[in-house]
file entry-v2.tsv (TSV, C-alpha atoms and all ligand atoms)
chain	number	residue	atom	x	y	z
A	17	MET	CA	63.27	33.84	-196.62
A	18	THR	CA	66.78	35.18	-196.22
A	19	ARG	CA	69.42	32.67	-195.23
A	20	CYS	CA	72.44	33.73	-193.23
A	21	LEU	CA	75.65	31.68	-193.49
A	22	LYS	CA	78.72	32.16	-191.32
A	23	VAL	CA	81.94	32.39	-193.27
A	24	ASP	CA	85.57	32.64	-192.21
A	25	PRO	CA	86.57	36.23	-193.10
A	26	GLU	CA	90.16	35.31	-193.92
A	27	HIS	CA	89.83	31.79	-195.30
A	28	PRO	CA	86.30	31.52	-196.70
A	29	GLU	CA	85.05	27.94	-196.88
A	30	PRO	CA	84.94	26.87	-200.55
A	31	ALA	CA	81.61	25.08	-200.08
A	32	VAL	CA	79.97	28.24	-198.72
A	33	MET	CA	81.44	30.33	-201.52
A	34	ALA	CA	80.24	27.84	-204.15
A	35	GLU	CA	76.72	28.06	-202.75
A	36	ALA	CA	76.77	31.87	-202.73
A	37	ALA	CA	78.24	31.99	-206.24
A	38	ALA	CA	75.42	29.75	-207.49
A	39	VAL	CA	72.88	32.25	-206.11
A	40	ILE	CA	74.65	35.09	-207.97
A	41	ARG	CA	74.81	33.11	-211.23
A	42	GLY	CA	71.11	32.24	-210.83
A	43	GLY	CA	70.21	35.94	-210.77
A	44	GLY	CA	69.79	36.15	-206.97
A	45	LEU	CA	70.99	38.61	-204.34
A	46	VAL	CA	73.81	37.93	-201.87
A	47	ALA	CA	74.95	40.33	-199.14
A	48	PHE	CA	78.66	39.92	-198.39
A	49	PRO	CA	81.39	41.64	-196.39
A	50	THR	CA	83.93	43.91	-198.03
A	51	GLU	CA	86.65	45.80	-196.16
A	52	THR	CA	84.47	48.95	-196.22
A	53	VAL	CA	80.86	47.94	-195.48
A	54	TYR	CA	78.59	45.01	-196.43
A	55	GLY	CA	77.58	45.02	-200.09
A	56	LEU	CA	74.41	43.70	-201.72
A	57	GLY	CA	75.61	41.83	-204.77
A	58	ALA	CA	74.13	40.67	-208.06
A	59	ASN	CA	75.60	39.63	-211.41
A	60	ALA	CA	76.60	43.00	-212.88
A	61	LEU	CA	76.00	41.76	-216.45
A	62	ASP	CA	72.42	40.58	-215.73
A	63	ALA	CA	70.03	43.54	-216.03
A	64	GLN	CA	67.19	41.70	-214.26
A	65	ALA	CA	69.35	40.73	-211.30
A	66	VAL	CA	70.68	44.27	-211.02
A	67	ALA	CA	67.13	45.66	-211.11
A	68	SER	CA	66.23	43.45	-208.15
A	69	ILE	CA	68.96	45.17	-206.07
A	70	PHE	CA	67.07	48.44	-206.51
A	71	ARG	CA	63.77	46.82	-205.48
A	72	ALA	CA	65.25	45.21	-202.36
A	73	LYS	CA	66.88	48.46	-201.23
A	74	GLU	CA	64.06	50.73	-202.45
A	75	ARG	CA	66.85	52.60	-204.18
A	76	PRO	CA	65.95	55.05	-206.98
A	77	PHE	CA	67.16	53.95	-210.43
A	78	TYR	CA	69.06	57.22	-210.98
A	79	ASP	CA	71.64	56.13	-208.36
A	80	PRO	CA	74.32	54.05	-210.12
A	81	LEU	CA	76.09	51.02	-208.62
A	82	ILE	CA	79.74	50.15	-208.11
A	83	VAL	CA	80.95	47.08	-210.02
A	84	HIS	CA	83.23	44.84	-207.94
A	85	LEU	CA	85.95	42.81	-209.64
A	86	ALA	CA	88.01	39.87	-208.37
A	87	ASP	CA	91.17	41.52	-209.76
A	88	ALA	CA	92.26	44.25	-212.13
A	89	THR	CA	92.51	41.88	-215.12
A	90	GLN	CA	88.67	41.84	-215.18
A	91	LEU	CA	88.63	45.60	-215.91
A	92	SER	CA	88.38	45.10	-219.65
A	93	SER	CA	85.06	43.27	-219.20
A	94	VAL	CA	83.34	46.42	-217.90
A	95	VAL	CA	85.21	49.55	-219.03
A	96	ALA	CA	85.81	50.92	-222.55
A	97	GLU	CA	89.33	52.13	-221.86
A	98	VAL	CA	91.86	52.26	-219.05
A	99	PRO	CA	93.77	55.56	-219.00
A	100	ASP	CA	97.40	55.50	-217.80
A	101	VAL	CA	96.50	57.35	-214.62
A	102	ALA	CA	94.01	54.58	-213.78
A	103	ARG	CA	96.76	51.97	-214.18
A	104	GLU	CA	98.94	53.81	-211.67
A	105	LEU	CA	96.08	54.08	-209.18
A	106	VAL	CA	95.22	50.41	-209.59
A	107	VAL	CA	98.81	49.36	-208.87
A	108	GLU	CA	98.94	51.56	-205.78
A	109	PHE	CA	95.47	51.15	-204.25
A	110	TRP	CA	93.85	47.90	-205.43
A	111	PRO	CA	92.69	45.79	-203.82
A	112	GLY	CA	91.30	48.50	-201.58
A	113	PRO	CA	88.65	51.14	-200.86
A	114	LEU	CA	89.14	53.20	-204.04
A	115	THR	CA	86.40	53.25	-206.69
A	116	LEU	CA	87.33	54.57	-210.14
A	117	VAL	CA	84.76	56.11	-212.46
A	118	LEU	CA	85.79	55.24	-216.03
A	119	PRO	CA	84.25	55.14	-219.53
A	120	ARG	CA	81.65	52.39	-219.59
A	121	GLY	CA	82.06	49.19	-221.58
A	122	PRO	CA	79.24	47.99	-223.87
A	123	GLN	CA	78.49	44.85	-221.81
A	124	VAL	CA	77.39	46.82	-218.75
A	125	PRO	CA	73.60	47.20	-218.52
A	126	ASP	CA	71.96	50.63	-218.05
A	127	GLU	CA	70.66	49.52	-214.66
A	128	VAL	CA	74.24	49.56	-213.31
A	129	THR	CA	75.22	53.00	-214.62
A	130	ALA	CA	71.84	54.74	-214.32
A	131	GLY	CA	71.99	55.08	-218.09
A	132	GLY	CA	75.20	57.14	-217.98
A	133	ASN	CA	78.31	56.59	-220.12
A	134	THR	CA	80.60	55.95	-217.15
A	135	VAL	CA	80.93	52.99	-214.81
A	136	ALA	CA	82.29	52.85	-211.25
A	137	VAL	CA	84.63	49.92	-210.50
A	138	ARG	CA	86.82	48.59	-207.72
A	139	VAL	CA	88.58	45.47	-206.44
A	140	PRO	CA	87.69	45.01	-202.76
A	141	ALA	CA	90.34	43.98	-200.22
A	142	HIS	CA	88.35	41.27	-198.47
A	143	ALA	CA	88.90	37.56	-198.95
A	144	VAL	CA	85.16	36.76	-198.90
A	145	ALA	CA	84.30	39.42	-201.47
A	146	ARG	CA	87.06	38.35	-203.81
A	147	ALA	CA	86.35	34.64	-203.42
A	148	LEU	CA	82.68	35.29	-204.18
A	149	ILE	CA	83.41	37.28	-207.34
A	150	ALA	CA	85.96	34.70	-208.49
A	151	ALA	CA	83.63	31.76	-207.82
A	152	ALA	CA	80.70	33.50	-209.55
A	153	GLY	CA	82.93	34.15	-212.57
A	154	VAL	CA	81.20	37.48	-213.27
A	155	PRO	CA	81.70	41.05	-212.04
A	156	ILE	CA	79.36	41.80	-209.13
A	157	ALA	CA	77.38	45.05	-208.88
A	158	ALA	CA	77.01	45.87	-205.21
A	159	PRO	CA	75.77	48.95	-203.40
A	160	SER	CA	75.81	48.99	-199.60
A	161	ALA	CA	73.42	46.37	-198.17
A	162	ASN	CA	71.00	48.74	-196.45
A	163	ARG	CA	67.65	50.34	-197.28
A	164	PHE	CA	68.24	53.41	-199.42
A	165	GLY	CA	69.17	56.54	-197.49
A	166	ARG	CA	69.91	54.70	-194.27
A	167	VAL	CA	73.16	54.01	-192.43
A	168	SER	CA	75.41	51.50	-194.21
A	169	PRO	CA	75.84	48.06	-192.58
A	170	THR	CA	79.15	47.08	-190.99
A	171	CYS	CA	78.01	43.65	-189.77
A	172	ALA	CA	75.54	40.93	-190.82
A	173	ASP	CA	73.01	41.93	-188.13
A	174	HIS	CA	72.72	45.39	-189.69
A	175	VAL	CA	72.04	43.78	-193.08
A	176	MET	CA	69.36	41.51	-191.63
A	177	ALA	CA	67.73	44.44	-189.81
A	178	ASP	CA	67.28	46.29	-193.14
A	179	LEU	CA	66.88	43.54	-195.75
A	180	SER	CA	65.69	40.30	-194.12
A	181	GLY	CA	63.02	38.71	-196.33
A	182	ARG	CA	64.08	40.80	-199.33
A	183	ILE	CA	67.29	39.05	-200.40
A	184	ASP	CA	68.42	35.43	-200.81
A	185	LEU	CA	71.55	35.13	-198.71
A	186	VAL	CA	73.78	36.96	-196.23
A	187	LEU	CA	77.39	35.87	-195.78
A	188	ASP	CA	78.30	36.69	-192.18
A	189	GLY	CA	82.04	37.36	-192.05
A	190	GLY	CA	82.00	39.51	-188.92
A	191	ALA	CA	82.49	43.26	-188.60
A	192	THR	CA	84.13	45.18	-191.46
A	193	GLN	CA	87.58	46.75	-191.06
A	194	VAL	CA	87.38	50.20	-192.67
A	195	GLY	CA	83.79	51.00	-191.71
A	196	VAL	CA	83.10	53.77	-194.26
A	197	GLU	CA	82.52	53.28	-197.98
A	198	SER	CA	85.14	53.55	-200.71
A	199	THR	CA	86.44	56.85	-202.06
A	200	VAL	CA	84.79	57.45	-205.44
A	201	LEU	CA	87.25	59.11	-207.84
A	202	SER	CA	86.20	60.23	-211.30
A	203	LEU	CA	88.83	59.95	-214.01
A	204	CYS	CA	86.35	61.24	-216.60
A	205	SER	CA	86.94	64.91	-215.84
A	206	ASP	CA	90.03	67.04	-216.67
A	207	ILE	CA	91.30	66.90	-213.13
A	208	PRO	CA	90.73	63.69	-211.14
A	209	THR	CA	87.77	64.51	-208.90
A	210	ILE	CA	86.64	62.96	-205.63
A	211	LEU	CA	82.90	62.43	-205.96
A	212	ARG	CA	82.62	60.85	-202.52
A	213	PRO	CA	85.33	60.86	-199.84
A	214	GLY	CA	85.93	57.43	-198.32
A	215	GLY	CA	88.42	54.83	-197.17
A	216	ILE	CA	91.37	56.15	-199.22
A	217	ALA	CA	92.35	59.63	-198.02
A	218	ARG	CA	92.52	62.58	-200.39
A	219	GLU	CA	96.11	63.14	-199.24
A	220	SER	CA	97.11	59.64	-200.40
A	221	LEU	CA	95.63	60.28	-203.85
A	222	GLU	CA	97.38	63.66	-204.06
A	223	ARG	CA	100.73	62.08	-203.32
A	224	LEU	CA	100.35	60.11	-206.52
A	225	LEU	CA	98.32	62.47	-208.71
A	226	GLY	CA	99.33	65.94	-207.64
A	227	SER	CA	96.14	67.94	-207.25
A	228	VAL	CA	92.80	66.23	-206.84
A	229	ASP	CA	89.54	68.11	-206.98
A	230	PHE	CA	87.01	67.83	-204.20
A	231	ARG	CA	84.20	70.07	-203.14
A	232	ASP	CA	82.36	69.87	-199.90
A	233	SER	CA	79.00	68.12	-199.89
A	234	LEU	CA	77.39	71.25	-198.43
A	235	GLY	CA	76.04	74.30	-200.17
A	236	THR	CA	77.71	73.87	-203.54
A	237	GLU	CA	74.97	72.03	-205.39
A	238	GLY	CA	74.51	73.07	-209.00
A	239	GLU	CA	78.12	74.09	-209.50
A	240	THR	CA	79.57	70.84	-208.20
A	241	LEU	CA	80.31	67.64	-210.01
A	242	VAL	CA	78.51	65.44	-207.54
A	243	SER	CA	78.14	61.71	-207.52
A	244	PRO	CA	74.60	60.90	-208.59
A	245	GLY	CA	72.61	59.57	-205.67
A	246	THR	CA	74.71	61.13	-202.95
A	247	THR	CA	71.93	63.42	-201.78
A	248	VAL	CA	72.44	65.65	-198.74
A	249	LYS	CA	70.15	63.44	-196.64
A	250	HIS	CA	71.77	60.02	-196.77
A	251	TYR	CA	73.42	57.58	-194.33
A	252	ALA	CA	70.68	58.80	-192.00
A	253	PRO	CA	69.60	57.43	-188.64
A	254	ARG	CA	65.92	57.80	-187.64
A	255	ALA	CA	66.74	60.27	-184.88
A	256	LYS	CA	67.12	63.90	-185.97
A	257	THR	CA	70.87	64.43	-186.08
A	258	THR	CA	72.97	67.59	-185.68
A	259	LEU	CA	76.69	67.83	-186.44
A	260	TYR	CA	78.92	70.22	-184.48
A	261	ARG	CA	82.05	71.52	-186.17
A	262	GLY	CA	84.80	73.73	-184.76
A	263	GLU	CA	87.50	73.74	-182.14
A	264	ARG	CA	87.10	70.81	-179.74
A	265	GLU	CA	86.59	72.65	-176.42
A	266	ALA	CA	84.06	75.03	-177.97
A	267	VAL	CA	82.19	72.18	-179.65
A	268	LEU	CA	81.93	70.17	-176.44
A	269	ALA	CA	80.76	73.25	-174.50
A	270	ARG	CA	78.07	73.85	-177.12
A	271	ILE	CA	76.99	70.20	-177.12
A	272	ARG	CA	76.76	70.38	-173.32
A	273	ARG	CA	74.54	73.44	-173.49
A	274	ASP	CA	72.28	71.89	-176.13
A	275	VAL	CA	71.98	68.60	-174.20
A	276	LEU	CA	70.80	70.61	-171.19
A	277	ASP	CA	68.24	72.48	-173.31
A	278	TYR	CA	66.88	69.24	-174.78
A	279	VAL	CA	66.75	67.51	-171.40
A	280	THR	CA	64.93	70.49	-169.88
A	281	ALA	CA	62.41	70.27	-172.72
A	282	GLY	CA	61.89	66.55	-172.00
A	283	VAL	CA	63.61	65.35	-175.18
A	284	THR	CA	65.75	62.17	-175.02
A	285	VAL	CA	69.22	62.89	-176.39
A	286	GLY	CA	71.97	60.72	-177.86
A	287	VAL	CA	75.54	62.02	-177.97
A	288	LEU	CA	78.23	60.74	-180.35
A	289	VAL	CA	81.75	61.81	-179.38
A	290	ALA	CA	85.26	60.45	-178.83
A	291	GLU	CA	86.30	58.46	-175.78
A	292	GLU	CA	88.36	61.43	-174.53
A	293	ASP	CA	85.28	63.69	-174.65
A	294	LEU	CA	83.06	61.61	-172.40
A	295	ALA	CA	84.41	62.95	-169.07
A	296	MET	CA	83.30	66.45	-170.07
A	297	LEU	CA	79.70	65.41	-170.67
A	298	THR	CA	78.51	62.29	-168.93
A	299	ASP	CA	77.20	64.02	-165.80
A	300	LEU	CA	74.21	65.07	-167.95
A	301	PRO	CA	71.39	62.56	-168.55
A	302	ALA	CA	71.83	61.47	-172.17
A	303	VAL	CA	72.74	58.28	-174.04
A	304	TYR	CA	76.46	58.41	-174.84
A	305	ARG	CA	78.36	56.51	-177.51
A	306	SER	CA	82.08	56.78	-177.98
A	307	VAL	CA	83.19	56.16	-181.58
A	308	GLY	CA	86.75	55.57	-180.38
A	309	SER	CA	89.85	57.49	-179.45
A	310	ILE	CA	90.79	60.75	-181.19
A	311	THR	CA	94.23	59.21	-181.60
A	312	SER	CA	92.84	56.74	-184.18
A	313	MET	CA	90.75	57.96	-187.11
A	314	GLU	CA	90.75	54.34	-188.34
A	315	GLN	CA	88.94	53.24	-185.18
A	316	ILE	CA	86.45	56.13	-185.40
A	317	ALA	CA	85.63	55.31	-189.03
A	318	ARG	CA	85.29	51.62	-188.19
A	319	GLN	CA	82.79	52.25	-185.38
A	320	LEU	CA	80.90	55.23	-186.83
A	321	PHE	CA	77.93	53.49	-188.44
A	322	ALA	CA	77.45	50.93	-185.65
A	323	SER	CA	77.41	53.81	-183.14
A	324	LEU	CA	74.73	55.66	-185.12
A	325	ARG	CA	72.65	52.49	-185.38
A	326	SER	CA	73.07	51.79	-181.69
A	327	LEU	CA	71.93	55.30	-180.73
A	328	ASP	CA	68.87	54.82	-182.93
A	329	ALA	CA	68.15	51.49	-181.27
A	330	SER	CA	68.32	53.15	-177.84
A	331	GLY	CA	65.23	55.13	-178.82
A	332	VAL	CA	66.64	58.68	-178.58
A	333	THR	CA	64.79	61.44	-180.44
A	334	VAL	CA	67.84	63.53	-181.33
A	335	ILE	CA	71.52	62.77	-181.87
A	336	LEU	CA	74.26	65.36	-181.32
A	337	ALA	CA	77.53	64.37	-182.99
A	338	ARG	CA	80.93	66.02	-183.08
A	339	ASP	CA	83.11	66.43	-186.15
A	340	PHE	CA	86.63	64.99	-186.42
A	341	GLY	CA	88.26	67.44	-188.81
A	342	PRO	CA	88.99	67.20	-192.54
A	343	SER	CA	92.29	65.34	-192.68
A	344	GLY	CA	92.74	61.70	-193.64
A	345	LEU	CA	89.65	59.61	-192.92
A	346	GLY	CA	88.19	62.67	-191.18
A	347	LEU	CA	86.88	63.91	-194.54
A	348	ALA	CA	84.80	60.76	-195.10
A	349	ILE	CA	83.58	60.82	-191.49
A	350	ARG	CA	82.56	64.47	-191.88
A	351	ASP	CA	80.78	63.70	-195.16
A	352	ARG	CA	78.77	60.83	-193.62
A	353	LEU	CA	77.86	62.80	-190.50
A	354	THR	CA	76.88	65.84	-192.59
A	355	ARG	CA	74.52	63.62	-194.58
A	356	ALA	CA	73.28	61.84	-191.44
A	357	ALA	CA	72.39	65.33	-190.22
A	358	ALA	CA	70.77	66.19	-193.58
A	359	GLY	CA	72.94	69.31	-193.62
A	360	ASP	CA	72.03	70.42	-190.06
A	361	VAL	CA	75.57	71.48	-189.18
A	362	ILE	CA	76.45	73.97	-186.45
A	363	VAL	CA	79.83	75.62	-186.88
A	364	VAL	CA	80.84	76.66	-183.37
A	365	MET	CA	83.01	79.75	-183.59
A	366	GLU	CA	84.16	80.24	-179.99
A	367	THR	CA	83.53	78.99	-176.48
A	368	SER	CA	80.17	80.31	-175.43
A	369	GLY	CA	79.54	80.89	-171.74
A	401	LIG	P1	76.94	52.62	-202.59
A	401	LIG	O1	77.58	51.44	-203.22
A	401	LIG	O2	75.58	52.37	-202.03
A	401	LIG	O3	77.86	53.24	-201.62
A	401	LIG	O4	76.68	53.67	-203.75
A	401	LIG	C1	77.54	53.77	-204.83
A	401	LIG	C2	77.79	55.21	-205.14
A	401	LIG	O5	78.84	55.28	-206.10
A	401	LIG	C3	76.61	55.92	-205.81
A	401	LIG	O6	75.72	56.47	-204.87
A	401	LIG	C4	77.28	56.97	-206.62
A	401	LIG	O7	77.43	58.11	-205.82
A	401	LIG	C5	78.65	56.39	-206.93
A	401	LIG	N1	78.70	55.97	-208.33
A	401	LIG	C6	78.44	54.76	-208.84
A	401	LIG	N2	78.58	54.75	-210.18
A	401	LIG	C7	78.92	56.00	-210.54
A	401	LIG	C8	79.19	56.63	-211.79
A	401	LIG	N3	79.13	55.96	-212.94
A	401	LIG	N4	79.51	57.93	-211.77
A	401	LIG	C9	79.59	58.60	-210.61
A	401	LIG	N5	79.32	58.06	-209.39
A	401	LIG	C10	78.99	56.78	-209.36
A	402	MG	MG	74.97	53.13	-200.07

call {"tool": "encode", "arguments": {"input": "entry-v2.tsv", "output": "C-alpha cells", "more": "lines below"}}
Ligand code: AMP
Ligand code: MG
result
Amino acid sequence: MTRCLKVDPEHPEPAVMAEAAAVIRGGGLVAFPTETVYGLGANALDAQAVASIFRAKERPFYDPLIVHLADATQLSSVVAEVPDVARELVVEFWPGPLTLVLPRGPQVPDEVTAGGNTVAVRVPAHAVARALIAAAGVPIAAPSANRFGRVSPTCADHVMADLSGRIDLVLDGGATQVGVESTVLSLCSDIPTILRPGGIARESLERLLGSVDFRDSLGTEGETLVSPGTTVKHYAPRAKTTLYRGEREAVLARIRRDVLDYVTAGVTVGVLVAEEDLAMLTDLPAVYRSVGSITSMEQIARQLFASLRSLDASGVTVILARDFGPSGLGLAIRDRLTRAAAGDVIVVMETSG
C-alpha cells in the first residue's frame, strides 16, 4: 500500500519529514515534490534501495539517476572532484533546477550512475525536498516519480496514478513551480554541454560560462553527446502526439486543417496551444487545452505536463501541440514535446491555403 501524506510546501511539518526520512533510511521509496517535478527518492548510497526505484518505475538500468543533496557542502560525499567552473555554477544556480554531471565519487553505487564514471547532482529549491534530504542524513537518488517513458508528475495525483501500490509514501506538497525537469549540464567534456534542456535556460548558463554546447534532440544521434536514457520517445502521453513548429499563424492554420481532417475521419482530437490561440480554433470539435499565455514561458512550462495528462484522460486518440520557440524555457518545452511526439514534428514553412 502507498500512503499519501499532506505536507506544507513552504514549512514542512517536522513530524511528517521525520516519518518520511525513516522510510528513506530503512531502504524504502518516498515520492516528494521538488521545484521541477515530483521525484521518487531512495538513499543514494544504498544499492538495494536504488535498485527498487528502477523496479517501481520499470526504468531500464542503463538510465542513470540524479543525486539530490540538501546543500552544496554534501558534494564531497558523492563526487571525486569539484572543478572551479562547478563552484561558480553552484554559487549562481543552487539551490535550483540545474544538474551537474561530475566525476563520480567511490561511495556512489553503480545502480545510480548506470556503471559510468560520472554522477549527476543537484540541490533542489524546494523546502520539502531539502528537509527530507537533511532529515534522512543521506544524499537521495531521485528520478521523476512516473512510470518510465511517461509524462513527469507535477502533483501528487499524477504520482499516485503511475506508482500507487509500488512505493511506500507520497508527500503531497501541491503542484510544482517550474513544471519541467532540471537542465542537465555535463562538466566532463571540454566545453560544458547541455545534455537535457530544463528549468535553467541555456542563455543564463552562457552568461556565466561563455559558450555552452547543446545539440537538438532530433536527428543527431550517433554524433551527439546525449544523456543516457533520454530516448526520442519519452515524456509520452498515450495519445499519438504531433508537434507543429514554425511561424505562429502558419502553425495554427495547419493545426486547423489537420483537426478538420481528423474530425472528418472520425478521430477524436486533442489540441494543446496557448490561451491566445484558442479563438482561432475552438469552432472546430476537438478537446482544447491552453498551457497558458504566450507572454509567460514560466506558466507554459508549469502547466505543460498536467495539460498533456489531462488530454490523455479526456480519451482523445491524437494530440496536436504547438511549439513555443527555442529561447529561454522554450528549449525545454520543445524538447519535451518533441519526445512526447516521439519525433513526429511538422515544420510548417508558410501559411497553406
Ligand atoms: P529523471 O530524473 O527521470 O529526469 O532522469 C535523470 C536524467 O538525468 C537521466 O535520464 C539522464 O539523462 C540524466 N543523467 C543522470 N545521470 C547522468 C550521468 N551520470 N551522465 C549523464 N546524464 C545523466
Ligand atoms: Mg524522468

call {"tool": "residues_around", "arguments": {"input": "entry-v2.tsv", "residues": "Asp126 (chain A)", "least_positions_apart": "6", "cutoff": "9 Å", "atoms": "only C-alpha atoms", "output": "VMD selection string"}}
result
chain A and resid 63 80 132 to 133

call {"tool": "residues_near_ligand", "arguments": {"input": "entry-v2.tsv", "ligand": "ligand MG 402 (chain A)", "cutoff": "8 Å", "atoms": "all atoms listed in the file", "output": "PDB file with C-alpha atoms, in the frame of the given file"}}
result
ATOM      1  CA  PRO A 159      75.770  48.950-203.400  1.00  0.00           C
ATOM      2  CA  SER A 160      75.810  48.990-199.600  1.00  0.00           C
ATOM      3  CA  ALA A 161      73.420  46.370-198.170  1.00  0.00           C
ATOM      4  CA  ASN A 162      71.000  48.740-196.450  1.00  0.00           C
ATOM      5  CA  PHE A 164      68.240  53.410-199.420  1.00  0.00           C
ATOM      6  CA  GLY A 165      69.170  56.540-197.490  1.00  0.00           C
ATOM      7  CA  ARG A 166      69.910  54.700-194.270  1.00  0.00           C
ATOM      8  CA  VAL A 167      73.160  54.010-192.430  1.00  0.00           C
ATOM      9  CA  SER A 168      75.410  51.500-194.210  1.00  0.00           C
ATOM     10  CA  GLU A 197      82.520  53.280-197.980  1.00  0.00           C
ATOM     11  CA  TYR A 251      73.420  57.580-194.330  1.00  0.00           C
TER      12      TYR A 251
END

call {"tool": "residues_around", "arguments": {"input": "entry-v2.tsv", "residues": "region 29-41 of chain A", "least_positions_apart": "4", "cutoff": "10 Å", "atoms": "all atoms listed in the file", "output": "PyMOL selection string"}}
result
chain A and resi 21-25+45-48+57-60+62+65+144-145+147-154+156+184-187

call {"tool": "write_last_selection", "arguments": {"input": "entry-v2.tsv", "atoms": "C-alpha atoms", "output": "PDB file, in the coordinates of the input"}}
result
ATOM      1  CA  LEU A  21      75.650  31.680-193.490  1.00  0.00           C
ATOM      2  CA  LYS A  22      78.720  32.160-191.320  1.00  0.00           C
ATOM      3  CA  VAL A  23      81.940  32.390-193.270  1.00  0.00           C
ATOM      4  CA  ASP A  24      85.570  32.640-192.210  1.00  0.00           C
ATOM      5  CA  PRO A  25      86.570  36.230-193.100  1.00  0.00           C
ATOM      6  CA  LEU A  45      70.990  38.610-204.340  1.00  0.00           C
ATOM      7  CA  VAL A  46      73.810  37.930-201.870  1.00  0.00           C
ATOM      8  CA  ALA A  47      74.950  40.330-199.140  1.00  0.00           C
ATOM      9  CA  PHE A  48      78.660  39.920-198.390  1.00  0.00           C
ATOM     10  CA  GLY A  57      75.610  41.830-204.770  1.00  0.00           C
ATOM     11  CA  ALA A  58      74.130  40.670-208.060  1.00  0.00           C
ATOM     12  CA  ASN A  59      75.600  39.630-211.410  1.00  0.00           C
ATOM     13  CA  ALA A  60      76.600  43.000-212.880  1.00  0.00           C
ATOM     14  CA  ASP A  62      72.420  40.580-215.730  1.00  0.00           C
ATOM     15  CA  ALA A  65      69.350  40.730-211.300  1.00  0.00           C
ATOM     16  CA  VAL A 144      85.160  36.760-198.900  1.00  0.00           C
ATOM     17  CA  ALA A 145      84.300  39.420-201.470  1.00  0.00           C
ATOM     18  CA  ALA A 147      86.350  34.640-203.420  1.00  0.00           C
ATOM     19  CA  LEU A 148      82.680  35.290-204.180  1.00  0.00           C
ATOM     20  CA  ILE A 149      83.410  37.280-207.340  1.00  0.00           C
ATOM     21  CA  ALA A 150      85.960  34.700-208.490  1.00  0.00           C
ATOM     22  CA  ALA A 151      83.630  31.760-207.820  1.00  0.00           C
ATOM     23  CA  ALA A 152      80.700  33.500-209.550  1.00  0.00           C
ATOM     24  CA  GLY A 153      82.930  34.150-212.570  1.00  0.00           C
ATOM     25  CA  VAL A 154      81.200  37.480-213.270  1.00  0.00           C
ATOM     26  CA  ILE A 156      79.360  41.800-209.130  1.00  0.00           C
ATOM     27  CA  ASP A 184      68.420  35.430-200.810  1.00  0.00           C
ATOM     28  CA  LEU A 185      71.550  35.130-198.710  1.00  0.00           C
ATOM     29  CA  VAL A 186      73.780  36.960-196.230  1.00  0.00           C
ATOM     30  CA  LEU A 187      77.390  35.870-195.780  1.00  0.00           C
TER      31      LEU A 187
END

call {"tool": "residues_around", "arguments": {"input": "entry-v2.tsv", "residues": "Leu225 (chain A)", "least_positions_apart": "3", "cutoff": "12 Å", "atoms": "only C-alpha atoms", "output": "PyMOL selection string"}}
result
chain A and resi 100-105+108+201+203+207-209+218-222+228-229

call {"tool": "residues_near_ligand", "arguments": {"input": "entry-v2.tsv", "ligand": "ligand LIG 401 (chain A)", "cutoff": "8 Å", "atoms": "all atoms listed in the file", "output": "MDAnalysis selection string"}}
result
chainID A and resid 55 79:82 115 117:118 120 128:130 132:137 158:161 164 168 197:198 200 202 211:212 242:246

call {"tool": "residues_near_point", "arguments": {"input": "entry-v2.tsv", "point": "(67.8, 54.8, -175.5)", "cutoff": "9 Å", "atoms": "only C-alpha atoms", "output": "number ranges by chain"}}
result
A: 284-286, 302-303, 326-333
